[in-house]
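Asks: Next comes entry-v8.csv, CSV, C-alpha atoms and all ligand atoms:
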chain,number,residue,atom,x,y,z
C,1,MET,CA,8.9,-16.4,6.9
C,2,THR,CA,6.2,-13.9,6.1
C,3,LYS,CA,7.2,-11.3,3.7
C,4,ILE,CA,5.8,-7.9,4.5
C,5,ILE,CA,5.7,-5.2,1.8
C,6,THR,CA,4.8,-1.5,2.0
C,7,ILE,CA,3.6,0.2,-1.2
C,8,SER,CA,4.4,3.8,-0.8
C,9,ASN,CA,4.6,7.3,-2.3
C,10,GLN,CA,3.5,10.5,-0.7
C,11,LYS,CA,2.2,11.6,-4.1
C,12,GLY,CA,-1.4,10.8,-4.8
C,13,GLY,CA,-2.8,8.8,-7.7
C,14,VAL,CA,0.4,7.1,-8.8
C,15,GLY,CA,-1.0,3.5,-8.7
C,16,LYS,CA,-0.2,2.5,-5.1
C,17,THR,CA,-3.6,0.9,-4.5
C,18,THR,CA,-3.7,-0.7,-7.9
C,19,THR,CA,-0.3,-2.2,-7.3
C,20,ALA,CA,-1.1,-3.3,-3.7
C,21,THR,CA,-4.3,-5.2,-4.8
C,22,ASN,CA,-3.0,-6.7,-8.0
C,23,LEU,CA,0.3,-7.7,-6.5
C,24,ALA,CA,-1.5,-9.3,-3.6
C,25,HIS,CA,-3.9,-11.1,-5.8
C,26,ARG,CA,-1.2,-12.5,-8.1
C,27,LEU,CA,0.9,-13.8,-5.2
C,28,ASN,CA,-2.3,-15.4,-3.9
C,29,LEU,CA,-3.1,-17.0,-7.3
C,30,LYS,CA,0.4,-18.5,-7.3
C,31,GLY,CA,-0.5,-20.4,-4.1
C,32,ASN,CA,0.4,-17.9,-1.4
C,33,SER,CA,-1.8,-16.7,1.4
C,34,ALA,CA,-1.9,-12.9,1.5
C,35,LEU,CA,-3.3,-10.2,3.7
C,36,ILE,CA,-3.7,-6.6,2.6
C,37,VAL,CA,-3.8,-4.0,5.3
C,38,ASP,CA,-5.3,-0.7,4.0
C,39,PHE,CA,-3.5,2.1,5.9
C,40,ASP,CA,-5.1,4.8,3.7
C,41,PRO,CA,-8.1,6.7,5.1
C,42,GLN,CA,-9.6,6.7,1.6
C,43,GLY,CA,-10.2,2.9,2.1
C,44,GLN,CA,-9.8,2.2,-1.6
C,45,CYS,CA,-8.4,-1.3,-1.3
C,46,SER,CA,-11.8,-2.4,-0.2
C,47,THR,CA,-13.5,-0.9,-3.2
C,48,ALA,CA,-10.8,-2.3,-5.5
C,49,LEU,CA,-11.5,-5.8,-4.3
C,50,GLY,CA,-15.3,-5.3,-4.1
C,51,VAL,CA,-15.6,-5.5,-0.3
C,52,VAL,CA,-17.0,-3.1,2.2
C,53,SER,CA,-14.7,-0.5,3.7
C,54,GLU,CA,-14.7,-0.5,7.5
C,55,ASN,CA,-12.8,0.8,10.5
C,56,GLY,CA,-10.5,-2.2,10.8
C,57,VAL,CA,-7.2,-0.3,10.8
C,58,PHE,CA,-8.5,2.1,13.4
C,59,ASN,CA,-9.5,-0.8,15.7
C,60,LEU,CA,-6.2,-2.6,15.0
C,61,MET,CA,-4.1,0.4,15.9
C,62,VAL,CA,-6.2,2.0,18.7
C,63,ALA,CA,-8.3,-0.6,20.3
C,64,ASN,CA,-6.3,-3.0,22.4
C,65,SER,CA,-7.6,-6.1,20.6
C,66,SER,CA,-6.6,-9.2,18.9
C,67,PRO,CA,-6.0,-8.4,15.2
C,68,GLY,CA,-7.7,-11.5,13.8
C,69,GLN,CA,-11.1,-10.0,14.5
C,70,TRP,CA,-10.5,-7.2,11.9
C,71,VAL,CA,-9.5,-9.5,9.1
C,72,ARG,CA,-12.2,-9.8,6.3
C,73,LYS,CA,-12.5,-12.3,3.5
C,74,THR,CA,-12.4,-10.9,-0.1
C,75,GLY,CA,-14.2,-13.7,-1.8
C,76,ARG,CA,-10.8,-15.0,-3.0
C,77,GLU,CA,-9.5,-18.1,-1.2
C,78,GLY,CA,-6.5,-17.2,0.9
C,79,LEU,CA,-6.6,-13.4,0.1
C,80,HIS,CA,-7.8,-11.4,3.1
C,81,ILE,CA,-8.0,-7.7,4.0
C,82,ILE,CA,-8.0,-5.5,7.1
C,83,PRO,CA,-10.0,-2.7,5.6
C,84,GLY,CA,-9.7,1.0,6.5
C,85,ASP,CA,-11.9,4.0,6.2
C,86,ARG,CA,-11.7,7.6,7.3
C,87,THR,CA,-11.3,6.6,10.9
C,88,THR,CA,-7.8,5.6,9.9
C,89,ALA,CA,-7.0,9.3,10.0
C,90,THR,CA,-7.9,9.4,13.7
C,91,ALA,CA,-5.7,6.4,14.4
C,92,GLN,CA,-2.8,8.3,12.7
C,93,ILE,CA,-3.5,11.3,15.1
C,94,VAL,CA,-3.6,9.1,18.1
C,95,LEU,CA,-0.4,7.3,17.2
C,96,THR,CA,1.4,10.7,16.9
C,97,ALA,CA,-0.3,12.4,19.9
C,98,GLU,CA,0.5,9.4,22.2
C,99,ASN,CA,4.0,9.1,20.7
C,100,ARG,CA,3.4,5.4,20.2
C,101,PRO,CA,6.6,3.4,19.4
C,102,ILE,CA,7.9,2.9,15.9
C,103,THR,CA,7.1,-0.8,16.4
C,104,SER,CA,3.4,-0.2,16.8
C,105,VAL,CA,2.3,-1.6,13.5
C,106,GLN,CA,4.6,-4.6,13.9
C,107,ASP,CA,3.3,-5.2,17.4
C,108,ALA,CA,-0.3,-5.0,16.4
C,109,LEU,CA,0.0,-7.4,13.5
C,110,LYS,CA,2.6,-9.9,14.8
C,111,PRO,CA,-0.1,-12.5,15.9
C,112,LEU,CA,-1.2,-12.8,12.3
C,113,TYR,CA,2.3,-13.4,10.7
C,114,LYS,CA,2.0,-17.1,11.1
C,115,ASP,CA,-1.2,-17.2,9.0
C,116,TYR,CA,0.2,-15.5,5.8
C,117,ASP,CA,3.0,-15.8,3.3
C,118,TYR,CA,2.6,-12.2,2.3
C,119,ILE,CA,1.3,-9.1,4.1
C,120,ILE,CA,0.9,-6.0,1.9
C,121,PHE,CA,0.4,-2.5,3.2
C,122,ASP,CA,-1.2,0.1,1.1
C,123,THR,CA,-0.6,3.6,2.3
C,124,ALA,CA,-2.0,7.1,2.0
C,125,PRO,CA,-0.4,9.7,-0.2
C,126,SER,CA,1.5,11.4,2.6
C,127,ILE,CA,4.4,10.8,5.0
C,128,GLY,CA,3.3,10.4,8.6
C,129,GLY,CA,3.2,8.2,11.7
C,130,LEU,CA,1.4,5.3,10.1
C,131,GLN,CA,3.7,5.2,7.0
C,132,GLU,CA,6.8,5.2,9.2
C,133,ARG,CA,5.5,2.5,11.4
C,134,ALA,CA,4.2,0.4,8.5
C,135,ILE,CA,7.6,0.6,6.8
C,136,TRP,CA,9.3,-0.3,10.1
C,137,ALA,CA,7.2,-3.5,10.1
C,138,SER,CA,8.1,-4.3,6.5
C,139,ASN,CA,10.9,-6.3,4.9
C,140,LEU,CA,10.4,-4.6,1.6
C,141,VAL,CA,9.2,-1.2,0.4
C,142,LEU,CA,7.9,-0.8,-3.2
C,143,LEU,CA,7.7,2.8,-4.4
C,144,ALA,CA,5.2,3.5,-7.2
C,145,THR,CA,5.8,6.6,-9.3
C,146,ALA,CA,3.9,7.8,-12.3
C,147,THR,CA,6.0,8.5,-15.4
C,148,GLU,CA,4.8,12.1,-15.6
C,149,TYR,CA,6.7,15.3,-15.2
C,150,LEU,CA,7.4,16.3,-11.5
C,151,SER,CA,5.9,13.1,-10.3
C,152,SER,CA,9.3,11.8,-9.1
C,153,ASP,CA,9.5,14.8,-6.8
C,154,GLY,CA,8.2,12.9,-3.8
C,155,LEU,CA,10.7,10.1,-4.2
C,156,ALA,CA,13.6,12.0,-2.6
C,157,GLN,CA,11.6,12.6,0.5
C,158,ILE,CA,10.7,8.9,0.9
C,159,MET,CA,14.3,7.8,0.2
C,160,LYS,CA,15.3,10.2,3.0
C,161,LEU,CA,12.7,8.5,5.3
C,162,LEU,CA,14.0,5.1,4.4
C,163,HIS,CA,17.6,6.2,5.2
C,164,SER,CA,16.5,7.6,8.5
C,165,LEU,CA,14.8,4.4,9.4
C,166,VAL,CA,17.9,2.4,8.5
C,167,GLU,CA,19.9,4.6,10.9
C,168,LYS,CA,17.3,3.8,13.6
C,169,GLY,CA,17.9,0.1,12.9
C,170,TRP,CA,15.3,-0.8,10.3
C,171,LYS,CA,16.3,-4.1,8.7
C,172,GLY,CA,14.2,-3.9,5.5
C,173,LYS,CA,15.2,-2.7,2.1
C,174,LEU,CA,13.9,-1.0,-1.1
C,175,ALA,CA,12.3,-3.7,-3.4
C,176,GLY,CA,12.4,-1.1,-6.2
C,177,ILE,CA,10.8,1.9,-7.8
C,178,LEU,CA,7.9,1.0,-10.0
C,179,PRO,CA,7.2,3.4,-12.9
C,180,THR,CA,3.5,3.5,-13.6
C,181,PHE,CA,1.2,5.1,-16.2
C,182,TYR,CA,3.9,4.5,-18.8
C,183,ASP,CA,3.1,5.4,-22.3
C,184,GLN,CA,6.0,5.1,-24.7
C,185,GLN,CA,4.2,7.3,-27.3
C,186,THR,CA,4.7,10.4,-25.2
C,187,ASN,CA,8.0,12.3,-24.6
C,188,GLU,CA,6.8,12.9,-21.1
C,189,SER,CA,6.8,9.2,-20.2
C,190,ARG,CA,10.0,8.4,-22.0
C,191,GLU,CA,11.9,11.3,-20.6
C,192,THR,CA,10.6,10.7,-17.1
C,193,LEU,CA,11.6,7.0,-17.2
C,194,ALA,CA,15.1,8.0,-18.5
C,195,GLN,CA,15.5,10.5,-15.6
C,196,LEU,CA,14.4,7.9,-13.1
C,197,LYS,CA,17.0,5.5,-14.4
C,198,GLU,CA,19.6,8.2,-14.3
C,199,GLY,CA,18.7,9.0,-10.7
C,200,PHE,CA,18.0,5.6,-9.3
C,201,GLY,CA,19.7,3.1,-11.6
C,202,ASP,CA,19.0,-0.5,-11.0
C,203,SER,CA,16.3,0.3,-8.5
C,204,ILE,CA,13.9,1.2,-11.4
C,205,LEU,CA,11.7,-1.8,-12.2
C,206,SER,CA,10.0,-2.6,-15.5
C,207,PRO,CA,7.2,-0.1,-16.0
C,208,ILE,CA,3.5,-0.7,-15.8
C,209,HIS,CA,1.9,0.8,-18.9
C,210,ARG,CA,-1.0,3.1,-18.8
C,211,ALA,CA,-4.1,0.9,-19.3
C,212,THR,CA,-7.7,1.9,-19.2
C,213,VAL,CA,-8.6,-1.6,-18.2
C,214,LEU,CA,-6.9,-1.0,-14.8
C,215,ARG,CA,-9.2,1.9,-14.1
C,216,GLU,CA,-12.2,-0.3,-15.1
C,217,CYS,CA,-11.0,-3.0,-12.7
C,218,ALA,CA,-11.0,-0.5,-9.8
C,219,ALA,CA,-14.5,0.6,-10.7
C,220,ASP,CA,-15.8,-3.0,-10.9
C,221,GLY,CA,-14.1,-4.2,-7.7
C,222,VAL,CA,-12.1,-6.9,-9.5
C,223,THR,CA,-8.4,-7.4,-10.2
C,224,ILE,CA,-6.7,-7.4,-13.6
C,225,PHE,CA,-6.4,-11.2,-13.2
C,226,GLU,CA,-10.2,-11.5,-13.0
C,227,LYS,CA,-11.1,-8.9,-15.6
C,228,ALA,CA,-8.4,-9.3,-18.3
C,229,PRO,CA,-6.0,-12.1,-17.4
C,230,LYS,CA,-4.4,-12.0,-20.9
C,231,SER,CA,-3.9,-8.2,-21.0
C,232,ARG,CA,-0.5,-6.6,-21.0
C,233,ALA,CA,-1.3,-5.0,-17.6
C,234,ALA,CA,-1.9,-8.6,-16.2
C,235,LYS,CA,1.4,-9.7,-17.6
C,236,GLU,CA,3.2,-6.7,-16.1
C,237,TYR,CA,1.7,-7.2,-12.7
C,238,ALA,CA,2.4,-10.9,-12.9
C,239,ALA,CA,6.1,-10.2,-13.7
C,240,LEU,CA,6.2,-7.8,-10.7
C,241,ALA,CA,4.8,-10.4,-8.4
C,242,ASP,CA,7.3,-13.0,-9.7
C,243,TYR,CA,10.1,-10.6,-9.1
C,244,ILE,CA,8.9,-9.8,-5.6
C,245,HIS,CA,8.7,-13.5,-4.9
C,246,THR,CA,12.4,-13.9,-5.7
C,247,LEU,CA,13.5,-11.3,-3.1
M,301,LIG,N1,-1.3,1.8,-15.1
M,301,LIG,C1,-2.5,2.5,-15.1
M,301,LIG,N2,-3.1,2.9,-16.2
M,301,LIG,C2,-4.3,3.5,-16.1
M,301,LIG,N3,-5.0,3.8,-15.0
M,301,LIG,C3,-4.4,3.4,-13.8
M,301,LIG,C4,-3.2,2.7,-13.8
M,301,LIG,N4,-2.8,2.5,-12.5
M,301,LIG,C5,-3.9,3.0,-11.8
M,301,LIG,N5,-4.8,3.5,-12.6
M,301,LIG,C6,-6.0,4.3,-12.1
M,301,LIG,O1,-5.6,5.5,-11.7
M,301,LIG,C7,-6.3,5.9,-10.5
M,301,LIG,C8,-5.3,6.1,-9.4
M,301,LIG,O2,-4.7,4.9,-9.1
M,301,LIG,P1,-4.5,4.4,-7.6
M,301,LIG,O3,-5.8,4.6,-6.8
M,301,LIG,O4,-4.0,3.0,-7.7
M,301,LIG,O5,-3.4,5.4,-7.1
M,301,LIG,P2,-2.9,5.7,-5.6
M,301,LIG,O6,-1.5,6.0,-5.7
M,301,LIG,O7,-3.3,4.6,-4.7
M,301,LIG,O8,-3.8,7.0,-5.3
M,301,LIG,P3,-3.9,7.6,-3.8
M,301,LIG,O9,-2.6,8.3,-3.6
M,301,LIG,O10,-5.1,8.6,-4.0
M,301,LIG,O11,-4.2,6.5,-2.9
M,301,LIG,C9,-7.3,4.8,-10.3
M,301,LIG,O12,-8.5,5.2,-10.9
M,301,LIG,C10,-6.7,3.6,-11.0
M,301,LIG,O13,-7.7,2.7,-11.4
M,302,MG,MG,-4.4,4.6,-3.0
Please render this file's structure as structure tokens.

Replies:
Amino acid sequence: MTKIITISNQKGGVGKTTTATNLAHRLNLKGNSALIVDFDPQGQCSTALGVVSENGVFNLMVANSSPGQWVRKTGREGLHIIPGDRTTATAQIVLTAENRPITSVQDALKPLYKDYDYIIFDTAPSIGGLQERAIWASNLVLLATATEYLSSDGLAQIMKLLHSLVEKGWKGKLAGILPTFYDQQTNESRETLAQLKEGFGDSILSPIHRATVLRECAADGVTIFEKAPKSRAAKEYAALADYIHTL
């Protein structure tokens, strides 16, 4: 069965896109076919993978069309993307204005399920119609959160959203909360991680350390497994993918 995972947090710059692209690539390198769908109008999954951003998500959600035509290759065998760009924001408005059902993302992508072992949704730093519908279509939600003061603020709101979706009949679950930008040299990181563990217990996954090489990857349009496969960041994202694979 296809495993569908939403990477979420309404807070910006916490490592969602970095996680979506590196997780997808690692799962792919382990022999799984994977599709990334970029639900963020910033379209940064494309840049991160070195492909052109396009209005794929807009067409997927608004044009009544077969989803396969919006799938693009990434130059990596078995790793594909439906790219997004700023027109994704228009799709979001249309979904809300037309009061499209909570199943709209699921309905739009269902014909592709048979082609992929994993489908990974990157989302914008906000909570809105697209996020809700993406989560509804997902088996798993992975929340990325920076280990910085106040950055866990947004988590409560997403947890509330997850609870409200469960009440509406959503069958998925939280895969975990992924602490990012971890730096054990700073009190800020250590204290924030401790607070996260206090608040969310076993849901807190092993942190991804702050690593300049991850920033360089994004700039070069390559993943950590291409740029620095032996780095700590690569090992950490590999461990995350292995864990996700067990769920
Ligand atoms: N662990 C890390 N260490 C250092 N830099 C990182 C790390 N993770 C991500 N980055 C860099 O930080 C910036 C923000 O990361 P990213 O784009 O993944 O966050 P995001 O949550 O997707 O942001 P947005 O909410 O704007 O979509 C990028 O330049 C990225 O390369
Ligand atoms: Mg992003």

Asks: Report the distance between atom C6 of ligand LIG 301 (chain M) and CA of Arg215 in chain C in Å, rounded to one decimal place.

Replies: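 Here the two named atoms are 4.5 Å from each other.
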
Asks: Using only C-alpha atoms and all ligand atoms, determine which residues fall within 12 Å of ligand MG 302 (chain M), then list them as JSON, numbers by chain.

Replies: {"C": [7, 8, 9, 10, 11, 12, 13, 14, 15, 16, 17, 18, 19, 20, 21, 37, 38, 39, 40, 41, 42, 43, 44, 45, 46, 47, 48, 84, 85, 121, 122, 123, 124, 125, 126, 144, 218]}

Asks: Taking all atoms listed in the file into account, which of C:Ile120, C:Ser152, C:Ala24, C:Val52 comes nearest Ala194 in chain C?

Replies: C:Ser152

Asks: Please indicate the distance in Å from CA of Arg72 in chain C to atom N2 of ligand LIG 301 (chain M), rounded to one decimal place.

Replies: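 Interatomic distance, CA of Arg72 in chain C to atom N2 of ligand LIG 301 (chain M): 27.4 Å.
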
Asks: Please provide the set of residues having any atom within 7 Å of Leu174 in chain C, restricted to all atoms listed in the file, with same-chain residues fewer than 6 positions apart removed, written as JSON, numbers by chain.

Replies: {"C": [140, 141, 142]}

Asks: Considering all atoms listed in the file, state which residue in the set C:Ala89, C:Leu29, C:Ala108, C:Val62 is at the smallest distance from Glu77 in chain C.

Replies: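 Smallest separation from Glu77 in chain C among the options: C:Leu29.
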
Asks: Dump as a PyMOL selection string all residues having an atom at most 7 Å from (10.0, -1.6, -10.7), computed in the file's coordinates with only C-alpha atoms.

Replies: chain C and resi 176-179+203-207

Asks: I'd like the interatomic distance between atom C10 of ligand LIG 301 (chain M) and CA of Val51 in chain C, to a tenth of an Å.

Replies: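 Result for atom C10 of ligand LIG 301 (chain M) versus CA of Val51 in chain C: 16.6 Å, one decimal.
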
Asks: Ranking C:Glu188, C:Gly128, C:Leu79, C:Ala134 by minimum distance to Val94 in chain C and counting all atoms listed in the file, which one comes first?

Replies: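 For Val94 in chain C, the nearest of the given residues is C:Gly128.
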
Asks: Smallest atom-to-atom distance to ligand LIG 301 (chain M): which of C:Thr74, C:Gln185, C:Ser138, C:Asn22, using all atoms listed in the file?

Replies: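 Using all atoms listed in the file, ligand LIG 301 (chain M) sits closest to C:Asn22.
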
Asks: My list of candidates is C:Ile4, C:Ala97, C:Leu214, C:Thr186. Which is closest to Lys110 in chain C when distances are computed with all atoms listed in the file?

Replies: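 Between C:Ile4, C:Ala97, C:Leu214, C:Thr186, the residue approaching Lys110 in chain C most closely is C:Ile4.
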
Asks: Give me the residues within 12 Å of Leu162 in chain C as a list in words, counting all atoms listed in the file and dropping any in the same chain fewer than 5 places off.

Replies: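 My list of contacting residues is Thr6, Ser8, Asn9, Ile127, Gln131, Glu132, Arg133, Ala134, Ile135, Trp136, Ser138, Asn139, Leu140, Val141, Leu142, Leu143, Leu155, Ala156, Gln157, Glu167, Lys168, Gly169, Trp170, Lys171, Gly172, Lys173, Leu174 and Ala175 of chain C.
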
Asks: List as number ranges by chain the residues having at least one atom at most 10 Å from position (-2.6, -9.0, -10.0) as given in the file, counting all atoms listed in the file.

Replies: C: 18-29, 222-226, 229, 233-241

Asks: Excluding same-chain residues fewer than 2 positions from Gly56 in chain C, what lies within 7 Å of it counting only C-alpha atoms, as a list in words?

Replies: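 Those residues are Glu54, Phe58, Asn59, Leu60, Trp70, Ile82, Pro83 and Gly84 of chain C.
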
Asks: Find the residue from C:Glu191, C:Asp183, C:Asp202, C:Asp242 that sits nearest to ligand LIG 301 (chain M); use all atoms listed in the file when measuring.

Replies: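 Among the listed residues, the smallest separation from ligand LIG 301 (chain M) belongs to C:Asp183.
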